[in-house]
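Reproduced below: entry01.cif, with mmCIF, C-alpha atoms and all ligand atoms.
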data_model
loop_
_atom_site.label_atom_id
_atom_site.label_comp_id
_atom_site.auth_asym_id
_atom_site.auth_seq_id
_atom_site.Cartn_x
_atom_site.Cartn_y
_atom_site.Cartn_z
CA MET A 1 3.98 14.69 28.94
CA PRO A 2 7.31 13.69 27.34
CA LEU A 3 7.38 10.05 26.37
CA THR A 4 10.41 7.96 25.44
CA TYR A 5 10.47 4.59 23.68
CA ARG A 6 13.19 2.08 24.44
CA VAL A 7 13.48 -0.87 22.08
CA GLN A 8 15.76 -3.83 22.79
CA PRO A 9 17.50 -5.67 19.96
CA GLY A 10 16.54 -9.15 18.79
CA GLY A 11 12.80 -8.74 18.14
CA ARG A 12 10.94 -10.50 15.32
CA LEU A 13 7.45 -9.76 14.09
CA ARG A 14 4.88 -12.49 13.61
CA GLY A 15 1.17 -13.15 13.43
CA ARG A 16 -2.01 -11.36 12.32
CA LEU A 17 -2.50 -7.73 13.28
CA ARG A 18 -5.36 -5.25 12.91
CA VAL A 19 -4.05 -1.71 13.19
CA PRO A 20 -6.50 1.11 14.11
CA GLY A 21 -8.79 2.89 11.67
CA ASP A 22 -7.70 5.09 8.80
CA LYS A 23 -7.02 8.64 9.91
CA SER A 24 -7.93 10.38 6.66
CA ILE A 25 -11.21 8.47 6.34
CA SER A 26 -12.14 8.94 10.03
CA HIS A 27 -11.79 12.74 9.75
CA ARG A 28 -13.96 12.82 6.65
CA ALA A 29 -16.62 10.54 8.14
CA VAL A 30 -17.17 12.96 11.04
CA MET A 31 -17.10 16.05 8.82
CA LEU A 32 -19.52 14.75 6.21
CA GLY A 33 -21.74 13.11 8.84
CA ALA A 34 -21.98 16.46 10.64
CA ILE A 35 -23.26 18.38 7.59
CA ALA A 36 -25.52 15.58 6.33
CA GLU A 37 -29.27 15.24 6.87
CA GLY A 38 -29.92 12.46 9.41
CA ALA A 39 -27.81 10.23 11.67
CA SER A 40 -24.66 8.61 10.28
CA GLU A 41 -23.03 5.61 11.91
CA ILE A 42 -19.28 5.17 11.79
CA THR A 43 -17.52 1.93 12.71
CA GLY A 44 -13.76 1.45 12.93
CA PHE A 45 -13.34 5.17 13.75
CA LEU A 46 -9.77 6.09 14.71
CA GLU A 47 -9.81 7.33 18.30
CA GLY A 48 -6.49 9.09 17.84
CA GLU A 49 -5.93 12.65 19.01
CA ASP A 50 -6.13 14.13 15.50
CA CYS A 51 -9.57 12.69 14.75
CA LEU A 52 -10.75 13.50 18.27
CA CYS A 53 -9.83 17.15 17.53
CA THR A 54 -12.12 17.04 14.50
CA MET A 55 -14.85 15.41 16.55
CA ARG A 56 -14.63 18.00 19.36
CA ALA A 57 -14.64 20.85 16.83
CA PHE A 58 -18.01 19.70 15.49
CA GLU A 59 -19.37 19.13 18.99
CA ARG A 60 -18.48 22.76 19.69
CA MET A 61 -20.46 23.75 16.62
CA GLY A 62 -23.58 22.05 17.97
CA VAL A 63 -23.29 18.57 16.44
CA ARG A 64 -24.33 15.68 18.72
CA ILE A 65 -21.90 12.78 18.50
CA GLU A 66 -22.69 9.65 20.50
CA ARG A 67 -20.15 6.97 21.31
CA LEU A 68 -21.85 3.65 20.67
CA GLY A 69 -18.86 1.58 21.79
CA ALA A 70 -15.20 1.10 20.95
CA SER A 71 -14.52 2.94 17.68
CA ARG A 72 -18.28 3.30 16.95
CA LEU A 73 -19.93 6.67 16.64
CA ARG A 74 -23.32 8.05 15.71
CA VAL A 75 -23.12 11.57 14.27
CA GLN A 76 -26.40 13.44 14.31
CA GLY A 77 -26.10 15.50 11.14
CA VAL A 78 -27.32 19.11 11.22
CA GLY A 79 -27.47 19.64 7.45
CA LEU A 80 -25.39 21.99 5.28
CA ARG A 81 -26.64 25.10 7.12
CA GLY A 82 -27.11 23.74 10.64
CA LEU A 83 -23.69 24.35 12.25
CA ARG A 84 -23.58 26.96 15.03
CA ALA A 85 -20.88 29.49 15.87
CA PRO A 86 -18.28 27.86 18.15
CA PRO A 87 -18.05 29.68 21.50
CA ALA A 88 -14.22 29.76 21.41
CA PRO A 89 -11.33 29.10 18.99
CA LEU A 90 -11.28 25.53 17.69
CA ASP A 91 -8.02 23.89 18.81
CA LEU A 92 -6.99 21.33 16.20
CA GLY A 93 -3.88 20.12 18.01
CA ASN A 94 -1.36 18.51 15.66
CA SER A 95 -3.81 17.88 12.83
CA GLY A 96 -3.16 19.42 9.41
CA THR A 97 -6.09 17.55 7.90
CA SER A 98 -8.51 19.04 10.44
CA MET A 99 -7.23 22.55 9.83
CA ARG A 100 -7.14 22.56 6.03
CA LEU A 101 -10.45 20.74 5.55
CA LEU A 102 -12.22 22.80 8.20
CA ALA A 103 -10.88 26.01 6.65
CA GLY A 104 -12.81 25.06 3.52
CA LEU A 105 -15.91 23.88 5.31
CA LEU A 106 -16.11 26.97 7.53
CA ALA A 107 -15.27 29.53 4.82
CA GLY A 108 -18.88 29.56 3.63
CA GLN A 109 -20.66 29.63 7.01
CA ASP A 110 -22.63 32.64 8.25
CA PHE A 111 -20.65 32.81 11.52
CA PRO A 112 -17.01 33.66 12.35
CA SER A 113 -14.54 31.03 13.53
CA MET A 114 -10.92 30.77 14.56
CA LEU A 115 -8.72 27.71 14.02
CA THR A 116 -5.64 27.14 16.17
CA GLY A 117 -3.14 24.32 16.62
CA ASP A 118 -0.07 23.17 18.50
CA GLU A 119 3.47 24.41 17.83
CA SER A 120 4.01 22.03 14.90
CA LEU A 121 0.67 22.80 13.23
CA SER A 122 1.27 26.53 13.76
CA ARG A 123 4.43 26.26 11.63
CA ARG A 124 2.79 24.50 8.67
CA PRO A 125 1.90 26.33 5.44
CA MET A 126 -1.73 27.41 5.20
CA ARG A 127 -1.56 29.77 2.19
CA ARG A 128 -1.98 26.78 -0.09
CA ILE A 129 -5.59 26.49 1.14
CA VAL A 130 -6.31 30.07 2.19
CA GLU A 131 -5.40 31.66 -1.18
CA PRO A 132 -7.81 29.62 -3.33
CA LEU A 133 -10.51 30.04 -0.67
CA ARG A 134 -10.02 33.81 -0.90
CA GLN A 135 -10.46 33.52 -4.67
CA MET A 136 -13.83 31.92 -3.88
CA GLY A 137 -14.71 35.01 -1.85
CA ALA A 138 -13.76 33.79 1.63
CA SER A 139 -12.39 36.16 4.25
CA ILE A 140 -9.57 34.40 6.10
CA GLN A 141 -6.64 35.92 7.97
CA THR A 142 -3.40 34.06 8.74
CA SER A 143 -0.24 35.11 10.56
CA ALA A 144 2.25 37.19 8.54
CA GLN A 145 4.02 33.91 7.69
CA GLY A 146 0.85 32.41 6.22
CA THR A 147 0.35 30.06 9.16
CA ALA A 148 -2.28 29.42 11.85
CA PRO A 149 -4.17 30.76 13.67
CA LEU A 150 -6.74 31.15 10.90
CA SER A 151 -9.44 33.68 11.50
CA ILE A 152 -12.48 33.15 9.29
CA ALA A 153 -15.12 35.89 8.91
CA PRO A 154 -18.58 35.32 7.46
CA VAL A 155 -19.14 36.47 3.88
CA ALA A 156 -22.32 36.96 1.84
CA GLY A 157 -21.61 33.84 -0.26
CA LEU A 158 -18.85 31.89 -2.02
CA LYS A 159 -18.44 31.57 -5.76
CA ALA A 160 -17.10 28.47 -7.45
CA ILE A 161 -13.66 28.61 -9.10
CA ARG A 162 -11.58 26.49 -11.42
CA TYR A 163 -8.33 26.09 -9.52
CA HIS A 164 -4.97 24.75 -10.70
CA SER A 165 -3.20 23.82 -7.48
CA PRO A 166 0.61 24.16 -7.54
CA VAL A 167 0.89 21.20 -5.13
CA ALA A 168 -0.77 17.80 -5.28
CA SER A 169 -2.48 17.83 -1.89
CA ALA A 170 -5.59 15.97 -0.82
CA GLN A 171 -6.02 18.43 2.02
CA VAL A 172 -6.15 21.38 -0.37
CA LYS A 173 -8.39 19.56 -2.84
CA SER A 174 -10.72 18.41 -0.07
CA GLY A 175 -10.89 21.84 1.58
CA LEU A 176 -11.89 23.34 -1.78
CA LEU A 177 -14.50 20.65 -2.47
CA LEU A 178 -16.03 21.22 0.98
CA ALA A 179 -16.11 24.99 0.34
CA GLY A 180 -17.56 24.14 -3.08
CA LEU A 181 -20.62 22.60 -1.41
CA TYR A 182 -21.41 26.13 -0.16
CA ALA A 183 -20.50 27.94 -3.41
CA GLN A 184 -22.59 29.03 -6.36
CA GLY A 185 -21.60 27.06 -9.42
CA ARG A 186 -19.17 24.26 -10.12
CA THR A 187 -15.88 24.07 -8.19
CA GLU A 188 -13.08 22.38 -10.13
CA VAL A 189 -9.66 21.43 -8.78
CA TYR A 190 -6.72 20.40 -10.97
CA GLU A 191 -3.58 18.97 -9.37
CA PRO A 192 -0.07 18.39 -10.76
CA GLY A 193 -0.05 14.77 -9.48
CA VAL A 194 -2.14 12.15 -7.74
CA SER A 195 -3.46 12.75 -4.23
CA ARG A 196 -5.67 10.54 -2.08
CA ASP A 197 -9.33 10.54 -3.20
CA HIS A 198 -11.13 9.66 0.04
CA THR A 199 -13.19 12.86 0.01
CA GLU A 200 -14.52 12.20 -3.48
CA ARG A 201 -15.40 8.60 -2.61
CA MET A 202 -17.08 9.50 0.65
CA LEU A 203 -19.03 12.44 -0.77
CA ARG A 204 -20.55 9.93 -3.19
CA ALA A 205 -21.43 7.63 -0.27
CA PHE A 206 -23.34 10.63 1.16
CA GLY A 207 -25.21 11.06 -2.13
CA VAL A 208 -23.23 13.95 -3.62
CA GLU A 209 -22.42 13.95 -7.34
CA VAL A 210 -18.68 14.35 -7.80
CA GLU A 211 -16.65 14.10 -10.97
CA ALA A 212 -13.21 12.72 -10.24
CA ARG A 213 -10.19 11.25 -11.98
CA PRO A 214 -6.49 11.34 -11.09
CA GLY A 215 -5.43 14.99 -11.01
CA TYR A 216 -9.00 16.39 -11.18
CA ALA A 217 -12.09 16.68 -8.97
CA ALA A 218 -15.24 18.79 -9.34
CA LEU A 219 -18.67 19.25 -7.81
CA SER A 220 -21.60 21.66 -7.96
CA GLY A 221 -22.60 23.68 -4.91
CA GLY A 222 -25.79 23.33 -2.89
CA GLN A 223 -26.02 19.52 -2.98
CA ILE A 224 -27.63 17.92 0.07
CA LEU A 225 -25.71 15.17 1.91
CA ARG A 226 -27.78 12.19 3.12
CA ALA A 227 -26.67 10.27 6.23
CA ALA A 228 -24.56 7.17 5.54
CA ARG A 229 -23.02 4.19 7.28
CA ILE A 230 -19.25 4.33 7.07
CA ALA A 231 -16.99 1.37 7.92
CA VAL A 232 -13.46 2.72 8.28
CA PRO A 233 -10.70 0.33 7.09
CA ALA A 234 -7.49 -0.19 9.07
CA ASP A 235 -4.96 2.52 8.21
CA LEU A 236 -2.40 1.50 5.59
CA SER A 237 -0.14 4.26 6.93
CA SER A 238 -0.12 2.59 10.37
CA ALA A 239 0.20 -0.87 8.83
CA ALA A 240 3.26 0.38 6.91
CA PHE A 241 5.48 0.41 10.02
CA PHE A 242 4.83 -3.30 10.53
CA MET A 243 5.19 -4.04 6.82
CA VAL A 244 8.65 -2.48 6.92
CA GLY A 245 9.39 -4.19 10.25
CA ALA A 246 8.68 -7.59 8.66
CA ALA A 247 10.59 -6.73 5.49
CA ILE A 248 13.85 -5.75 7.20
CA VAL A 249 14.27 -8.95 9.24
CA PRO A 250 14.96 -12.07 7.18
CA ASP A 251 12.29 -14.78 7.25
CA CYS A 252 9.66 -12.75 9.12
CA GLU A 253 6.02 -13.09 8.13
CA ILE A 254 3.04 -11.01 9.12
CA VAL A 255 -0.54 -10.52 7.99
CA LEU A 256 -2.32 -7.19 8.40
CA THR A 257 -6.09 -7.45 8.27
CA GLU A 258 -8.81 -5.20 6.81
CA VAL A 259 -6.29 -2.68 5.55
CA GLY A 260 -7.41 0.10 3.21
CA VAL A 261 -5.75 -0.43 -0.18
CA ASN A 262 -7.06 2.64 -2.00
CA PRO A 263 -4.86 2.88 -5.13
CA THR A 264 -3.89 6.48 -4.28
CA ARG A 265 -2.17 5.15 -1.14
CA THR A 266 -0.46 1.86 -2.06
CA GLY A 267 2.98 3.16 -3.07
CA ILE A 268 4.51 1.44 -0.03
CA VAL A 269 3.53 -1.97 -1.41
CA GLU A 270 5.21 -1.19 -4.72
CA ILE A 271 8.32 0.21 -3.01
CA LEU A 272 8.79 -2.84 -0.77
CA ARG A 273 8.25 -5.18 -3.72
CA ARG A 274 10.87 -3.33 -5.78
CA MET A 275 13.26 -3.61 -2.84
CA GLY A 276 12.78 -7.38 -2.91
CA ALA A 277 10.19 -8.07 -0.17
CA GLU A 278 7.29 -10.38 -0.83
CA VAL A 279 4.11 -8.34 -0.35
CA GLU A 280 0.72 -9.58 -1.46
CA TRP A 281 -2.80 -8.67 -0.78
CA ARG A 282 -5.64 -11.12 -0.65
CA ASN A 283 -9.38 -11.17 -0.23
CA GLU A 284 -9.92 -7.66 -1.61
CA ARG A 285 -13.42 -6.28 -1.08
CA LEU A 286 -15.16 -2.92 -0.69
CA PHE A 287 -15.94 -1.16 2.62
CA GLY A 288 -18.39 1.43 1.33
CA GLY A 289 -16.50 2.94 -1.58
CA GLU A 290 -13.05 1.99 -0.25
CA PRO A 291 -11.14 -1.20 -1.13
CA VAL A 292 -9.75 -3.25 1.78
CA ALA A 293 -7.64 -6.42 1.85
CA GLU A 294 -5.43 -8.66 3.97
CA ILE A 295 -1.80 -7.70 3.42
CA PHE A 296 0.79 -10.43 3.72
CA VAL A 297 4.49 -9.51 4.04
CA ARG A 298 7.53 -11.76 4.07
CA GLY A 299 11.02 -10.31 4.31
CA PRO A 300 13.70 -11.41 1.84
CA SER A 301 17.09 -12.55 3.00
CA ARG A 302 18.12 -8.99 2.18
CA LEU A 303 16.37 -5.90 0.75
CA ARG A 304 18.09 -4.01 -2.06
CA GLY A 305 18.40 -0.25 -2.53
CA ILE A 306 16.36 1.39 -5.32
CA ASP A 307 15.58 4.80 -6.83
CA ILE A 308 12.28 6.28 -5.65
CA GLY A 309 10.98 9.22 -7.71
CA PRO A 310 8.08 11.68 -7.43
CA GLU A 311 5.32 9.39 -8.77
CA LEU A 312 5.97 6.69 -6.18
CA VAL A 313 6.57 9.25 -3.42
CA ALA A 314 3.11 10.74 -4.07
CA LEU A 315 1.53 7.33 -3.51
CA ALA A 316 3.48 6.76 -0.28
CA ILE A 317 3.82 10.27 1.12
CA ASP A 318 3.00 9.38 4.75
CA GLU A 319 4.96 6.12 4.58
CA MET A 320 8.23 7.77 3.52
CA PRO A 321 9.71 7.82 7.05
CA ALA A 322 9.28 4.03 7.15
CA VAL A 323 10.76 3.83 3.63
CA PHE A 324 13.89 5.63 4.92
CA VAL A 325 14.22 2.79 7.44
CA ALA A 326 13.80 0.11 4.77
CA ALA A 327 16.48 1.90 2.72
CA ALA A 328 18.83 1.96 5.72
CA CYS A 329 18.50 -1.83 6.02
CA ALA A 330 18.90 -2.54 2.29
CA GLN A 331 22.01 -3.49 0.41
CA GLY A 332 23.27 -0.57 -1.70
CA GLU A 333 22.01 2.96 -2.20
CA THR A 334 18.47 4.25 -2.17
CA CYS A 335 17.94 7.62 -3.81
CA ILE A 336 14.71 9.45 -2.93
CA SER A 337 13.70 12.47 -5.03
CA GLY A 338 10.60 14.59 -5.61
CA ALA A 339 9.78 14.45 -1.91
CA ALA A 340 10.10 18.12 -0.88
CA GLU A 341 6.60 17.96 0.68
CA LEU A 342 8.14 15.85 3.45
CA ARG A 343 9.76 19.04 4.74
CA VAL A 344 6.36 20.55 5.66
CA LYS A 345 4.73 17.61 7.42
CA GLU A 346 4.39 17.34 11.23
CA SER A 347 8.18 17.82 11.21
CA ASP A 348 10.76 18.27 8.46
CA ARG A 349 10.79 14.54 7.82
CA ILE A 350 13.82 14.60 5.51
CA ALA A 351 15.90 16.26 8.22
CA ALA A 352 14.43 14.19 11.07
CA MET A 353 14.94 10.84 9.33
CA CYS A 354 18.47 11.59 8.06
CA GLU A 355 19.57 12.90 11.46
CA GLY A 356 18.07 9.89 13.26
CA LEU A 357 19.58 7.38 10.83
CA ARG A 358 22.98 9.00 11.19
CA ALA A 359 22.66 8.69 14.97
CA LEU A 360 22.25 4.94 14.36
CA GLY A 361 25.36 4.78 12.17
CA VAL A 362 23.74 4.96 8.72
CA ALA A 363 25.11 7.18 5.93
CA ALA A 364 22.00 9.23 5.14
CA GLN A 365 22.51 12.42 3.16
CA PRO A 366 19.61 14.89 3.04
CA ARG A 367 18.87 16.65 -0.27
CA PRO A 368 16.45 19.54 -0.83
CA ASP A 369 13.80 17.16 -2.20
CA GLY A 370 14.82 13.79 -0.79
CA ALA A 371 17.84 11.87 0.42
CA LEU A 372 20.59 9.47 -0.50
CA ILE A 373 20.77 6.56 1.91
CA VAL A 374 23.50 3.95 1.90
CA GLY A 375 22.11 0.79 3.46
CA GLY A 376 23.92 -1.41 5.94
CA GLY A 377 23.55 -2.40 9.55
CA LEU A 378 22.09 -0.16 12.24
CA ARG A 379 23.72 0.25 15.61
CA GLY A 380 22.01 1.28 18.81
CA GLY A 381 21.69 4.88 19.88
CA THR A 382 19.35 7.73 20.72
CA VAL A 383 17.10 9.39 18.16
CA ASP A 384 14.98 12.53 18.46
CA SER A 385 11.57 12.05 16.81
CA ARG A 386 11.01 15.84 16.89
CA GLY A 387 7.51 15.17 18.21
CA ASP A 388 6.53 13.55 14.91
CA HIS A 389 4.41 10.41 15.30
CA ARG A 390 5.53 8.78 12.06
CA VAL A 391 9.23 9.45 12.72
CA ALA A 392 8.88 7.92 16.21
CA MET A 393 7.15 4.75 14.96
CA SER A 394 9.57 4.34 12.04
CA PHE A 395 12.55 4.31 14.40
CA ALA A 396 10.77 1.96 16.80
CA LEU A 397 10.56 -0.63 14.01
CA ALA A 398 14.09 0.19 12.77
CA ALA A 399 15.31 -1.11 16.12
CA LEU A 400 14.52 -4.64 14.88
CA ARG A 401 17.71 -4.41 12.86
CA ALA A 402 19.92 -2.64 15.43
CA ASP A 403 22.51 -4.56 17.42
CA GLN A 404 21.98 -2.50 20.60
CA THR A 405 19.11 -0.70 22.33
CA VAL A 406 17.48 2.16 20.41
CA THR A 407 16.03 5.03 22.45
CA ILE A 408 13.52 7.36 20.79
CA LEU A 409 12.69 10.71 22.36
CA ASP A 410 9.51 12.81 22.23
CA CYS A 411 7.03 10.09 21.27
CA ALA A 412 3.81 11.40 22.89
CA ASN A 413 2.35 12.39 19.51
CA VAL A 414 2.13 8.75 18.43
CA SER A 415 -1.31 8.98 20.03
CA THR A 416 -2.38 11.39 17.27
CA SER A 417 -2.61 8.54 14.76
CA PHE A 418 -1.96 5.25 16.52
CA PRO A 419 -3.46 4.83 20.00
CA GLY A 420 -2.28 1.53 21.49
CA PHE A 421 0.86 1.39 19.32
CA VAL A 422 3.16 0.13 22.08
CA GLU A 423 0.84 -2.73 23.15
CA LEU A 424 0.14 -3.80 19.59
CA ALA A 425 3.84 -3.70 18.71
CA GLN A 426 4.72 -5.73 21.83
CA ASN A 427 2.14 -8.36 20.89
CA ALA A 428 3.56 -8.49 17.39
CA GLY A 429 7.05 -9.24 18.77
CA LEU A 430 8.75 -5.86 19.14
CA PRO A 431 10.58 -5.56 22.51
CA ILE A 432 9.43 -1.96 23.09
CA GLN A 433 8.78 -0.13 26.31
CA ALA A 434 7.35 3.35 26.85
CA ILE A 435 9.04 5.19 29.74
C1 LIG A 501 -4.06 13.82 4.12
C2 LIG A 501 -3.35 14.27 3.01
C3 LIG A 501 -1.89 14.27 2.94
C4 LIG A 501 -1.27 13.41 4.03
C5 LIG A 501 -1.91 13.67 5.37
C6 LIG A 501 -3.38 13.33 5.32
C7 LIG A 501 -5.53 13.85 4.09
O1 LIG A 501 -1.42 15.59 3.10
O2 LIG A 501 0.11 13.63 4.10
O3 LIG A 501 -1.29 12.90 6.38
O4 LIG A 501 -6.17 13.21 4.95
O5 LIG A 501 -6.08 14.51 3.19
P1 LIG A 501 -1.33 16.63 1.87
O6 LIG A 501 -2.70 16.97 1.47
O7 LIG A 501 -0.61 17.80 2.42
O8 LIG A 501 -0.57 15.93 0.79
#
Mind turning this structure into structure tokens?
Ligand code: S3P
Amino acid sequence: MPLTYRVQPGGRLRGRLRVPGDKSISHRAVMLGAIAEGASEITGFLEGEDCLCTMRAFERMGVRIERLGASRLRVQGVGLRGLRAPPAPLDLGNSGTSMRLLAGLLAGQDFPSMLTGDESLSRRPMRRIVEPLRQMGASIQTSAQGTAPLSIAPVAGLKAIRYHSPVASAQVKSGLLLAGLYAQGRTEVYEPGVSRDHTERMLRAFGVEVEARPGYAALSGGQILRAARIAVPADLSSAAFFMVGAAIVPDCEIVLTEVGVNPTRTGIVEILRRMGAEVEWRNERLFGGEPVAEIFVRGPSRLRGIDIGPELVALAIDEMPAVFVAAACAQGETCISGAAELRVKESDRIAAMCEGLRALGVAAQPRPDGALIVGGGLRGGTVDSRGDHRVAMSFALAALRADQTVTILDCANVSTSFPGFVELAQNAGLPIQAI
């Protein structure tokens, strides 16, 4: 169903908000719970379409998952070798995390499986995970372009490898670690930069020994996972839209509660601070192995443009669409570089954000690995989100600074990561309507 957002000018954000659970952590909680011994309980689970795709995939492989209430699940683990052949292809919708992590987890099973996705997921690069899995002995077919569907055939066994990944990608690293659980020997993954370390942290919560440091992760095969209780923090990537929304309107203040502040994800805090916003976190504590905090944001009288290079981009990769909006509202130029990965997300986010900003009167010049954005005012207009949830939500918050109505097309996929976005945004002070 096509969905359009219409946002009126003049909104202001205020108050305390709790955005839904972290997407990356919710996927992993279901996956690790499913292959653990015993029943795992998950609270704060993100009931977005992407994580529901992961959940349904495991149900189709014989895992019992009970809903204990809103965002609470009990996953009856079947152990490392207890999954059953799915009766049909597993449809993973829009979810790259489901596909790349499941490719690894299913590569070492003794049954065949087929992974499919929607149009966007079927365009995304899968060789980055399939090639190292083949080096481990997996048998996986892709399309001629190296994309889904992925057809996985059973093999006699996997062997561990030492892999130097050409891209820093938590999905690749995690897929290989999951395959590594089924491999003989020690699987080691080196990366050229930092990627999120939720898999490493959660494997430890399930009793697995993992060696990890920035740019490196390793584990030995055959380790048994023991059921765990996982409390999922609120998703910093969802909180980021409201952080930017508060930062671009002078004298706004908001507090976001129980937000995950894993240091591999907090680039957005650093970026907003460098642009002049006041961002603090308070009351930091651990939810399982993951740090959470209250994030407080106050906008300055005016943000300033900055240079954002590859190290900061890596720590804010999913927040970059919202960063484009902050840049469009800042005084001066913002130059983003080292962000070529944005071109292979749910949409080409460099193209989608520059095109949308230009439709709202902003000088935004795409570059192969980033963009040059000249900040100033935004006018009203119509923007195509290209079916990308994060592009849609970024423009919804950008409308706070526009002088006329902003219309955003093709917003249905917001439900992949942020169910209830419109209601929460309305309560926070954004005059948004879904039509
Ligand atoms: C994710 C890793 C990142 C991120 C994605 C979620 C994960 O992708 O952009 O939204 O949960 O592992 P890459 O691994 O491609 O960097």
Residue with the minimum atom-to-atom distance to Pro263 (chain A), picked from A:Ala293, A:Leu315, A:Val344, A:Cys354 with all atoms listed in the file counted, is A:Leu315
Identify the residues around (19.9, 9.5, 1.3) within a radius of 10 Å, measuring from only C-alpha atoms in the coordinates stated by the file, and give them as a ChimeraX atom specification.
/A:324,327-328,333-337,350,353-354,357,362-367,370-375
For those residues, write C-alpha atoms to a file as an mmCIF file, in the frame of the given file.
data_model
loop_
_atom_site.group_PDB
_atom_site.id
_atom_site.type_symbol
_atom_site.label_atom_id
_atom_site.label_comp_id
_atom_site.auth_asym_id
_atom_site.auth_seq_id
_atom_site.Cartn_x
_atom_site.Cartn_y
_atom_site.Cartn_z
ATOM 1 C CA PHE A 324 13.890 5.630 4.920
ATOM 2 C CA ALA A 327 16.480 1.900 2.720
ATOM 3 C CA ALA A 328 18.830 1.960 5.720
ATOM 4 C CA GLU A 333 22.010 2.960 -2.200
ATOM 5 C CA THR A 334 18.470 4.250 -2.170
ATOM 6 C CA CYS A 335 17.940 7.620 -3.810
ATOM 7 C CA ILE A 336 14.710 9.450 -2.930
ATOM 8 C CA SER A 337 13.700 12.470 -5.030
ATOM 9 C CA ILE A 350 13.820 14.600 5.510
ATOM 10 C CA MET A 353 14.940 10.840 9.330
ATOM 11 C CA CYS A 354 18.470 11.590 8.060
ATOM 12 C CA LEU A 357 19.580 7.380 10.830
ATOM 13 C CA VAL A 362 23.740 4.960 8.720
ATOM 14 C CA ALA A 363 25.110 7.180 5.930
ATOM 15 C CA ALA A 364 22.000 9.230 5.140
ATOM 16 C CA GLN A 365 22.510 12.420 3.160
ATOM 17 C CA PRO A 366 19.610 14.890 3.040
ATOM 18 C CA ARG A 367 18.870 16.650 -0.270
ATOM 19 C CA GLY A 370 14.820 13.790 -0.790
ATOM 20 C CA ALA A 371 17.840 11.870 0.420
ATOM 21 C CA LEU A 372 20.590 9.470 -0.500
ATOM 22 C CA ILE A 373 20.770 6.560 1.910
ATOM 23 C CA VAL A 374 23.500 3.950 1.900
ATOM 24 C CA GLY A 375 22.110 0.790 3.460
#
Tell me, as a list in words, which residues lie within 9 Å of Val232 (chain A), counting only C-alpha atoms; anything in the same chain fewer than 3 positions away does not count.
Gly21, Asp22, Lys23, Ile25, Ser26, Ala29, Ile42, Thr43, Gly44, Phe45, Leu46, Asp235, Gly260, Phe287, Gly288 and Glu290 of chain A
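Coordinates place CA of Arg186 (chain A) at a distance of 22.3 Å from atom C7 of ligand LIG 501 (chain A).
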How far is it from CA of Gln8 (chain A) to CA of Gln331 (chain A), in Å with one decimal?
23.2 Å
The residue from A:Asn262, A:Lys159, A:Val194, A:Val7 with the smallest atom-to-atom distance to Thr382 (chain A), counting all atoms listed in the file, is A:Val7
For Arg273 (chain A), find every residue with an atom within 12 Å (counting only C-alpha atoms), except residues of its own chain fewer than 5 positions away, and show them as a ChimeraX atom specification.
/A:243-244,247,266-268,278-281,296-300,303-306,323,326
Would you work out the distance separating CA of Gln171 (chain A) from CA of Ser40 (chain A), expressed in Å to one decimal?
22.6 Å
Between A:Ala402, A:Pro149, A:Gly289, A:Asp110, which has the minimum distance to Arg201 (chain A) (counting only C-alpha atoms)?
A:Gly289
Selected residue, from A:Thr405, A:Asn427, A:Ser122, A:Thr54, that lies nearest to Gly146 (chain A) when counting all atoms listed in the file
A:Ser122
Around ligand LIG 501 (chain A), which protein and nucleic acid residues have at least one atom no more than 6 Å from it, if we count all atoms listed in the file? List them as a ChimeraX atom specification.
/A:24,97,169-172,317-318
File of the preceding selection, C-alpha atoms, as a PDB file, in the coordinates of the input:
ATOM      1  CA  SER A  24      -7.930  10.380   6.660  1.00  0.00           C
ATOM      2  CA  THR A  97      -6.090  17.550   7.900  1.00  0.00           C
ATOM      3  CA  SER A 169      -2.480  17.830  -1.890  1.00  0.00           C
ATOM      4  CA  ALA A 170      -5.590  15.970  -0.820  1.00  0.00           C
ATOM      5  CA  GLN A 171      -6.020  18.430   2.020  1.00  0.00           C
ATOM      6  CA  VAL A 172      -6.150  21.380  -0.370  1.00  0.00           C
ATOM      7  CA  ILE A 317       3.820  10.270   1.120  1.00  0.00           C
ATOM      8  CA  ASP A 318       3.000   9.380   4.750  1.00  0.00           C
TER       9      ASP A 318
END
Could you give me, as a PyMOL selection string, the residues within 9 Å of Glu284 (chain A), counting all atoms listed in the file and dropping anything in the same chain fewer than 2 positions from it?
chain A and resi 258+261+281-282+286+291-294
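Comparing A:Val63, A:Ala138, A:Ala234, A:Ala148 by their smallest distance to Phe418 (chain A), the closest is A:Ala234 (using all atoms listed in the file).
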Name the residues in contact with region 69-81 of chain A at a cut-off of 8 Å, using only C-alpha atoms, excluding same-chain residues fewer than 2 positions from it; report them as a ChimeraX atom specification.
/A:30,33-47,63-67,83,109,182,224-225,227
Residues near Arg84 (chain A), anyone? I mean within 8 Å using all atoms listed in the file, not counting same-chain ones fewer than 6 positions away, as a list in words.
Met61, Gly62 and Phe111 of chain A
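Checking A:Ile271, A:Ser95, A:Leu400, A:Gly10 one by one against Cys51 (chain A), counting all atoms listed in the file, you find the shortest gap at A:Ser95.
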Which polymer residues, whether protein, DNA or RNA, lie within 9 Å of the coordinate (-8.1, 27.9, 21.0) when you count only C-alpha atoms? List them as a list in words, using the chain letters and numbers from the file.
Ala88, Pro89, Leu90, Asp91, Leu92, Met114, Leu115, Thr116, Gly117 and Pro149 of chain A
If you take all atoms listed in the file and a cut-off of 10 Å, which residues of region 261-375 of chain A touch region 406-410 of chain A, and what are their nearest atom pairs and distances in Å to one decimal, in chain and number order, as a Markdown table?
| residue | atom | partner | partner_atom | distance |
| --- | --- | --- | --- | --- |
| A:Gly356 | CA | A:Ile408 | CA | 9.2 |
| A:Ala359 | CA | A:Val406 | CA | 10.0 |
| A:Leu360 | CA | A:Val406 | CA | 8.2 |
